[in-house]
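Text of work11.txt, listed as compact mmCIF, C-alpha atoms:
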```txt
# COMPACT_ATOMS: atom_id res chain seq x y z
CA MET W 1 0.00 0.00 0.00
CA ASN W 2 1.47 3.36 -0.95
CA LYS W 3 1.24 6.56 1.09
CA SER W 4 -1.63 7.90 -1.03
CA GLU W 5 -3.71 4.78 -0.46
CA ASN W 6 -3.05 4.92 3.28
CA ALA W 7 -4.09 8.59 3.31
CA CYS W 8 -7.35 7.62 1.63
CA LEU W 9 -8.19 4.74 3.93
CA THR W 10 -7.32 5.93 7.42
CA PHE W 11 -7.72 9.15 9.32
CA ASP W 12 -4.20 8.73 10.70
CA GLY W 13 -2.79 8.29 7.20
CA ALA W 14 -4.61 11.39 5.97
CA CYS W 15 -3.39 13.45 8.90
CA ASP W 16 0.17 12.17 8.46
CA ALA W 17 0.16 13.12 4.76
CA ALA W 18 -1.20 16.60 5.48
CA ILE W 19 1.17 17.15 8.42
CA ASP W 20 4.07 16.16 6.18
CA VAL W 21 3.04 18.68 3.49
CA GLU W 22 2.56 21.47 6.03
CA GLY W 23 5.93 20.67 7.60
CA ARG W 24 7.69 20.87 4.25
CA ILE W 25 6.03 24.18 3.40
CA TYR W 26 6.97 25.55 6.81
CA GLN W 27 10.59 24.52 6.17
CA HIS W 28 10.56 26.44 2.87
CA PHE W 29 9.41 29.53 4.74
CA LEU W 30 12.01 29.02 7.45
CA GLN W 31 14.78 28.73 4.86
CA ALA W 32 13.55 31.89 3.13
CA ILE W 33 13.36 33.80 6.43
CA ARG W 34 16.97 32.89 7.15
CA LEU W 35 18.03 34.04 3.70
CA VAL W 36 16.05 37.21 2.93
CA ARG W 37 17.43 40.53 4.16
CA ASP W 38 14.49 42.89 3.58
CA GLU W 39 12.62 43.38 6.89
CA ALA W 40 9.18 43.78 5.28
CA ALA W 41 9.74 40.60 3.27
CA VAL W 42 10.83 38.71 6.37
CA ALA W 43 7.68 39.87 8.20
CA ILE W 44 5.50 38.54 5.37
CA LEU W 45 7.37 35.23 5.35
CA ARG W 46 7.18 34.95 9.13
CA ASP W 47 3.40 35.53 9.14
CA ALA W 48 2.96 32.91 6.43
CA ALA W 49 5.15 30.46 8.37
CA ILE W 50 3.04 31.01 11.48
CA ASP W 51 -0.09 30.22 9.43
CA ARG W 52 1.51 26.93 8.36
CA LEU W 53 2.39 26.08 11.96
CA GLN W 54 -1.20 26.75 13.03
CA ILE W 55 -2.51 24.42 10.33
CA LYS W 56 0.03 21.76 11.27
CA HIS W 57 -0.91 22.14 14.94
CA LYS W 58 -4.60 21.78 14.07
CA LEU W 59 -3.80 18.61 12.12
CA GLU W 60 -1.68 17.19 14.93
CA GLY W 61 -4.53 17.85 17.36
CA ALA W 62 -6.95 16.12 14.99
CA ALA W 63 -4.58 13.14 14.77
CA LEU W 64 -4.51 12.90 18.57
CA LYS W 65 -8.30 13.14 18.88
CA GLY W 66 -9.03 10.96 15.87
CA GLU W 67 -11.25 13.61 14.27
CA ILE W 68 -11.18 17.11 12.88
CA ASP W 69 -12.81 19.81 14.98
CA GLN W 70 -16.11 20.34 13.15
CA GLN W 71 -16.49 23.84 14.63
CA SER W 72 -13.59 25.00 12.51
CA VAL W 73 -15.11 23.75 9.23
CA GLN W 74 -16.20 26.84 7.31
CA GLY W 75 -16.30 25.91 3.64
CA ARG W 76 -14.54 27.15 0.54
CA VAL W 77 -14.12 30.81 -0.32
CA PRO W 78 -13.35 32.21 -3.78
CA THR W 79 -9.78 33.06 -4.68
CA MET W 80 -8.52 35.29 -7.47
CA GLU W 81 -6.24 32.61 -8.86
CA LEU W 82 -3.54 35.18 -9.49
CA LEU W 83 -0.96 34.12 -12.03
CA LEU W 84 2.30 35.37 -10.60
CA ASN W 85 5.70 34.71 -12.06
CA CYS W 86 6.98 33.08 -8.91
CA CYS W 87 8.50 30.83 -7.70
CA ASP W 88 9.72 27.52 -6.70
CA PRO W 89 11.17 27.45 -3.20
CA SER W 90 14.72 27.45 -4.50
CA GLN W 91 14.18 30.71 -6.39
CA ILE W 92 13.83 33.13 -3.48
CA ASP W 93 17.07 34.86 -2.65
CA ALA W 94 18.56 37.32 -0.17
CA LYS W 95 17.48 40.28 -2.34
CA ALA W 96 13.79 39.39 -2.26
CA ASP W 97 11.52 42.31 -1.43
CA ASN W 98 8.03 42.28 0.08
CA ARG W 99 6.42 41.75 -3.33
CA LYS W 100 8.56 38.68 -4.02
CA ALA W 101 7.95 37.37 -0.48
CA LEU W 102 4.18 37.72 -0.90
CA ALA W 103 4.30 36.02 -4.30
CA PHE W 104 6.36 33.24 -2.70
CA ALA W 105 3.76 32.83 0.08
CA ILE W 106 0.96 32.75 -2.49
CA GLN W 107 2.75 30.09 -4.51
CA LEU W 108 3.32 27.86 -1.49
CA SER W 109 -0.33 28.27 -0.48
CA LYS W 110 -1.39 27.33 -3.99
CA ASP W 111 0.84 24.27 -3.73
CA ALA W 112 -0.87 23.26 -0.47
CA LEU W 113 -4.30 23.82 -2.00
CA LYS W 114 -3.35 21.71 -5.02
CA PHE W 115 -2.18 18.91 -2.72
CA TYR W 116 -5.45 18.93 -0.78
CA ARG W 117 -7.59 19.10 -3.93
CA ASP W 118 -5.59 16.33 -5.62
CA MET W 119 -5.86 14.12 -2.54
CA ALA W 120 -9.61 14.75 -2.26
CA GLU W 121 -9.99 13.68 -5.89
CA GLU W 122 -7.60 10.75 -5.56
CA CYS W 123 -9.49 9.56 -2.48
CA SER W 124 -12.91 10.09 -4.07
CA GLY W 125 -15.28 7.56 -2.58
CA ALA W 126 -12.87 6.79 0.27
CA PRO W 127 -13.46 7.93 3.85
CA MET W 128 -10.79 10.65 3.79
CA SER W 129 -11.96 12.49 0.68
CA GLU W 130 -14.09 14.78 2.86
CA LEU W 131 -11.17 15.54 5.19
CA PHE W 132 -8.97 16.62 2.27
CA THR W 133 -11.85 18.70 0.89
CA VAL W 134 -12.20 20.47 4.25
CA LEU W 135 -8.45 21.09 4.43
CA GLY W 136 -8.51 22.47 0.89
CA ASP W 137 -11.46 24.70 1.72
CA ASP W 138 -9.59 26.02 4.76
CA GLN W 139 -6.59 26.68 2.54
CA THR W 140 -8.69 28.93 0.30
CA ARG W 141 -9.09 31.36 3.21
CA ILE W 142 -5.35 31.76 3.62
CA LEU W 143 -4.85 32.06 -0.12
CA GLN W 144 -7.67 34.60 -0.43
CA GLN W 145 -6.10 36.83 2.24
CA LEU W 146 -2.67 36.65 0.62
CA GLU W 147 -4.14 37.48 -2.79
CA TYR W 148 -6.11 40.43 -1.43
CA THR W 149 -2.97 41.77 0.20
CA TYR W 150 -1.06 41.37 -3.07
CA GLU W 151 -3.83 43.07 -5.03
CA GLU W 152 -4.06 45.95 -2.56
CA HIS W 153 -0.35 46.70 -2.60
CA PHE W 154 0.91 45.64 -6.01
CA LEU W 155 -1.82 45.55 -8.65
CA PRO W 156 -2.60 48.90 -10.26
CA GLU W 157 -6.17 50.10 -10.60
CA ASN W 158 -7.39 50.15 -14.19
```
Spit out the file's structure as structure tokens when you get a sec.
Amino acid sequence: MNKSENACLTFDGACDAAIDVEGRIYQHFLQAIRLVRDEAAVAILRDAAIDRLQIKHKLEGAALKGEIDQQSVQGRVPTMELLLNCCDPSQIDAKADNRKALAFAIQLSKDALKFYRDMAEECSGAPMSELFTVLGDDQTRILQQLEYTYEEHFLPEN
């Protein structure tokens, strides 16, 4: 049985897969924070890293309890689906400014959303499909906020 199948069949497997993804994304933020010199960019990266830790903590709590806290389930929100020319985690450098840091955070959030959506589809009909759908829906809130911030600060009015 591969990791994907285990994530589809057991709550523990689903939580483990999601915790692993959130941990990797957090590590990308941590590496960027240690590299980037611009204070505004570091603040953006730090806030995004804290969001990832909160998600990971929520997942770890769910793994301990054996269920996701249903009070926190809020549903999907629309995102702008901004197409930014950024960036794989290895492309952020010490010279990154706040715009690049925000684009980086958006890209990593899109990656998390894609993971959750792909897993929900891959697990379609299996018990954990709903869990991955909920996690993806939660991810849209984070992505929406990042996109609104990007739009507010960096997209010109037409």
Pick from W:Ala94, W:Ile55, W:Cys15, W:Ala7 nearest to W:Arg34, counting all atoms listed in the file =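 Using all atoms listed in the file, the shortest distance to W:Arg34 belongs to W:Ala94.
The nearest approach to W:Gly13 among the residues W:Phe29, W:Phe154, W:Phe132, W:Phe115, with all atoms listed in the file taken into account, belongs to W:Phe132.
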Take atom CA of W:Val21 and atom CA of W:Ala101 and report the distance between them in Å, one decimal.
-> 19.7 Å
Which neighbours of W:Ala105 fall inside 10 Å, counting all atoms listed in the file, when residues of the same chain fewer than 4 positions from it are skipped, and could you give them as number ranges by chain?
-> W: 25, 28-29, 44-49, 86-87, 89, 99-101, 109-111, 142-143, 146-147
Who sits within 12 Å of W:Ala17, all atoms listed in the file, same chain under 2 positions skipped, as number ranges by chain = W: 2-15, 19-24, 56, 59-60, 63, 112, 115-116, 119, 128, 131-132, 135
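Taking atom CA of W:Gln139 as the reference point, atom CA of W:Val36 is found at 25.0 Å.
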Gap from atom CA of W:Lys114 to atom CA of W:Thr133 - Å, one decimal = 10.8 Å
When distances are computed from all atoms listed in the file, which of W:His153, W:Lys95, W:Leu113, W:Ala18 shows the smallest separation from W:Ala62?
-> W:Ala18
So that all listed atoms of stretch 20-39 of chain W fit with 6 Å spare on each side, what axis-aligned box centre and edge lengths in Å, to one decimal, would you give as JSON?
```
{"center_x": 10.3, "center_y": 29.8, "center_z": 5.2, "size_x": 27.5, "size_y": 39.2, "size_z": 16.7}
```
With a distance cut-off of 9 Å and all atoms listed in the file, select the neighbouring residues of W:Glu39, excluding the residue or stretch itself and same-chain residues fewer than 4 positions from it, and output the selection as a PyMOL selection string.
-> chain W and resi 43-44+97-98
Okay, now the selection with C-alpha atoms, as a PDB file, keeping the file's coordinate frame?
```pdb
ATOM      1  CA  ALA W  43       7.680  39.870   8.200  1.00  0.00           C
ATOM      2  CA  ILE W  44       5.500  38.540   5.370  1.00  0.00           C
ATOM      3  CA  ASP W  97      11.520  42.310  -1.430  1.00  0.00           C
ATOM      4  CA  ASN W  98       8.030  42.280   0.080  1.00  0.00           C
TER       5      ASN W  98
END
```
